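Here the structure comes first, spelled out in structure tokens, and everything after it is commentary.
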Amino acid sequence: MEQRNVLKGVILVGLGASSYGMLATFVKLAYDKGYTTAEVTASQMFLGILGMLLINMFQKAKKKDEVVRASANERSKLMIAGTSMGFTSVFYYLAVYFGIPVSICIVLLMQTVWMSVFLESIIAKEVPSAKKLFAVAIVLAGTVLAANLISNINALNITGVSFGLLAAASFTATMFTSNTIATHVSSAQRSLFMLFGGGVVVLAFTAYTWTGSFNFEIFLTWGLILALFGTIIPPILLNAGFPHAGLGLGSIVASMELPVSVMMAFIVLQEKVSLLQWTGIAMILGAIVLMNVKLPSRK
């Protein structure tokens with residue numbers, strides 16, 4: 001039974017990570033249709049909140065009094081933590097908007113690997129282990145290859161790269177806060193209140209960048225796809241899968257987001273991905289495995 005639960009968790013985490021991996025390609029396709037960053041983020045967040053509201057209503061009606069409700073204090077903390085989700089979406093989509101290839105955008109987002117290590121060391125007030133520092137070095141070296149920095153350093157848009165790194169920083173904050181606040185309530189309920197916080201950031205960004213017009217057609221087209229693959233499916237699957245798969249194994253499986261995103265860009269957008277870039281991606285994935293696998297101790 002335990003093995004079945006682990007397998008179930010691995011499948012759920014893998015599907016959730018793969019869903020996230022498809023997101024950047026859909027965003028690029030929405031841009032190609034003429035939609036703006038404000039329209040893309042606003043439609044995704046609004047429809048995501050609507051979808052999560054319906055899921056919470058369904059859970060409440062089905063389980064009635066069994067559903068644990070978050071307290072007012074916990075709801076406030078979740079909303080504040082959720083602002084980092086809004087910043088992640090805005091920064092990530094701006095990186096795509098400024099011409100950074102999708103295959104490189106996801107590499108920039110995966111810098112959460114080493115950012116998490118250093119944030120964890122700051123919070124715990126401990127120096128990272130030699131294994132983690134070695135893994136960080138592999139990630140950085142792999143990033144140089146995966147982003148093709150050696151030959152494309154002058155071609156990459158610095159503004160886009162900066163937004164990509166800011167997205168990684170805010171996503172790091174999201175991962176830490178989402179795993180520590182109100183963990184006793186349902187994943188759908190936690191996701192809903194975090195989306196409320198993210199919605200405030202997206203609404204402010206939309207208002208700031210508003211040019212006087214807004215194409216509401218996106219709510220019936222790409223907004224539905226973006227909300228489904230970016231705001232509704234991943235949080236539910238990841239929050240449901242991690243307790244069964246475990247943090248270590250779950251983190252390894254969640255790294256599927258990187259190859260899925262690159263493959264989507266390669267197949268759908270026809271972005272060129274060289275052998276050198278694939279080598280860098282393999283190095284990043286290897287570093288994630290290294291950080292989460294415990295080696296047997298010698299007696």
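In the structure tokens, chains take the letters A, B, ... in the order shown, each chain's residues start at 1, and ligands count up from 1 in the order shown.
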
Among segment 53-103 of chain A, which residues carry a DSSP assignment of alpha helix (DSSP H), reported as a CSV table (one decimal) with C-alpha atoms, in the first residue's frame?
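Heads up, here's the output in states.csv:
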```
chain,number,residue,atom,x,y,z
A,53,LEU,CA,-13.5,29.2,-5.8
A,54,LEU,CA,-15.7,26.6,-7.6
A,55,ILE,CA,-13.4,23.8,-6.4
A,56,ASN,CA,-13.6,25.0,-2.8
A,57,MET,CA,-17.4,25.2,-3.0
A,58,PHE,CA,-17.5,21.7,-4.4
A,59,GLN,CA,-15.2,20.4,-1.6
A,60,LYS,CA,-17.3,22.2,1.1
A,61,ALA,CA,-20.6,20.8,-0.3
A,62,LYS,CA,-19.1,17.2,-0.6
A,63,LYS,CA,-17.4,17.0,2.8
A,72,ALA,CA,-8.6,35.0,9.8
A,73,ASN,CA,-4.9,35.3,10.8
A,74,GLU,CA,-3.9,32.3,8.5
A,75,ARG,CA,-5.9,33.7,5.6
A,76,SER,CA,-4.1,37.1,6.0
A,77,LYS,CA,-0.7,35.3,6.0
A,78,LEU,CA,-1.6,33.2,3.0
A,79,MET,CA,-2.7,36.3,1.0
A,80,ILE,CA,0.5,38.1,1.9
A,81,ALA,CA,2.5,35.0,0.9
A,82,GLY,CA,0.5,34.8,-2.3
A,83,THR,CA,1.8,38.2,-3.5
A,84,SER,CA,5.0,36.4,-4.5
A,85,MET,CA,2.9,34.2,-6.8
A,86,GLY,CA,1.7,37.4,-8.5
A,87,PHE,CA,5.2,38.8,-8.8
A,88,THR,CA,6.4,35.4,-10.3
A,89,SER,CA,3.8,35.5,-13.0
A,90,VAL,CA,4.4,39.2,-13.9
A,91,PHE,CA,8.3,38.9,-13.9
A,92,TYR,CA,8.2,35.5,-15.8
A,93,TYR,CA,5.9,36.8,-18.5
A,94,LEU,CA,7.8,40.0,-18.9
A,95,ALA,CA,11.0,37.9,-19.5
A,96,VAL,CA,9.1,36.2,-22.3
A,97,TYR,CA,7.8,39.5,-23.6
A,102,VAL,CA,11.1,30.1,-23.7
A,103,SER,CA,13.9,27.4,-23.4
```

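Counting only C-alpha atoms, Val127 of chain A has the following residues at most 9 Å away, ignoring those fewer than 4 positions along the same chain: Phe118, Ser121 and Ile122 of chain A.
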
Now that the selection is made, can you save its residues with C-alpha atoms as a PDB file, in the first residue's frame?
```
ATOM      1  CA  PHE A 118      21.057  30.221   0.261  1.00  0.00           C
ATOM      2  CA  SER A 121      20.993  28.793   5.048  1.00  0.00           C
ATOM      3  CA  ILE A 122      20.053  32.364   5.990  1.00  0.00           C
TER       4      ILE A 122
END
```

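You will find atom CA of Val144 of chain A at 12.5 Å from atom CA of Leu156 of chain A.
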
Checklist entry - What is the distance, in Å and to one decimal place, between atom CA of Gly280 of chain A and atom CA of Ser170 of chain A? => result 23.2 Å

Item to check | Residue among A:Ser261, A:Thr279, A:Thr36, A:Ser116 lying closest to Pro101 of chain A, counting only C-alpha atoms | outcome: A:Ser261

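Going from atom CA of Phe242 of chain A over to atom CA of Phe266 of chain A, you cover 28.9 Å.
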
Next on the checklist: Need the shell around Ser19 of chain A: protein/DNA/RNA residues with any atom at most 8 Å away, counting only C-alpha atoms. Skip same-chain ones fewer than 5 positions apart. Format as an MDAnalysis selection string?
Outcome noted: chainID A and resid 229:230 233:234 257

Checklist entry - With distances taken over only C-alpha atoms, which of A:Ala204, A:Val161, A:Ala17, A:Ile284 is nearest to Gly99 of chain A? => result A:Val161

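With only C-alpha atoms as the atoms that count, the residue of A:Asn5, A:Ile181, A:Ile150, A:Ala265 with the shortest distance to Thr25 of chain A is A:Ala265.
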
Checklist entry - Residues at most 12 Å from Leu290 of chain A, counting only C-alpha atoms, excluding those fewer than 4 positions away in the same chain, as a list in words? => result Val113, Ala130, Lys131, Lys132, Leu133, Phe134, Ala135, Val136, Ala137, Ile138, Val139, Gly248, Leu249, Ser251, Ile252, Met283, Ile284, Leu285, Gly286, Lys294 and Leu295 of chain A

Next on the checklist: Which residue is closest to Asn148 of chain A? Choose from A:Val6, A:Val289, A:Met256, A:Ile104 and count only C-alpha atoms.
Outcome noted: A:Ile104
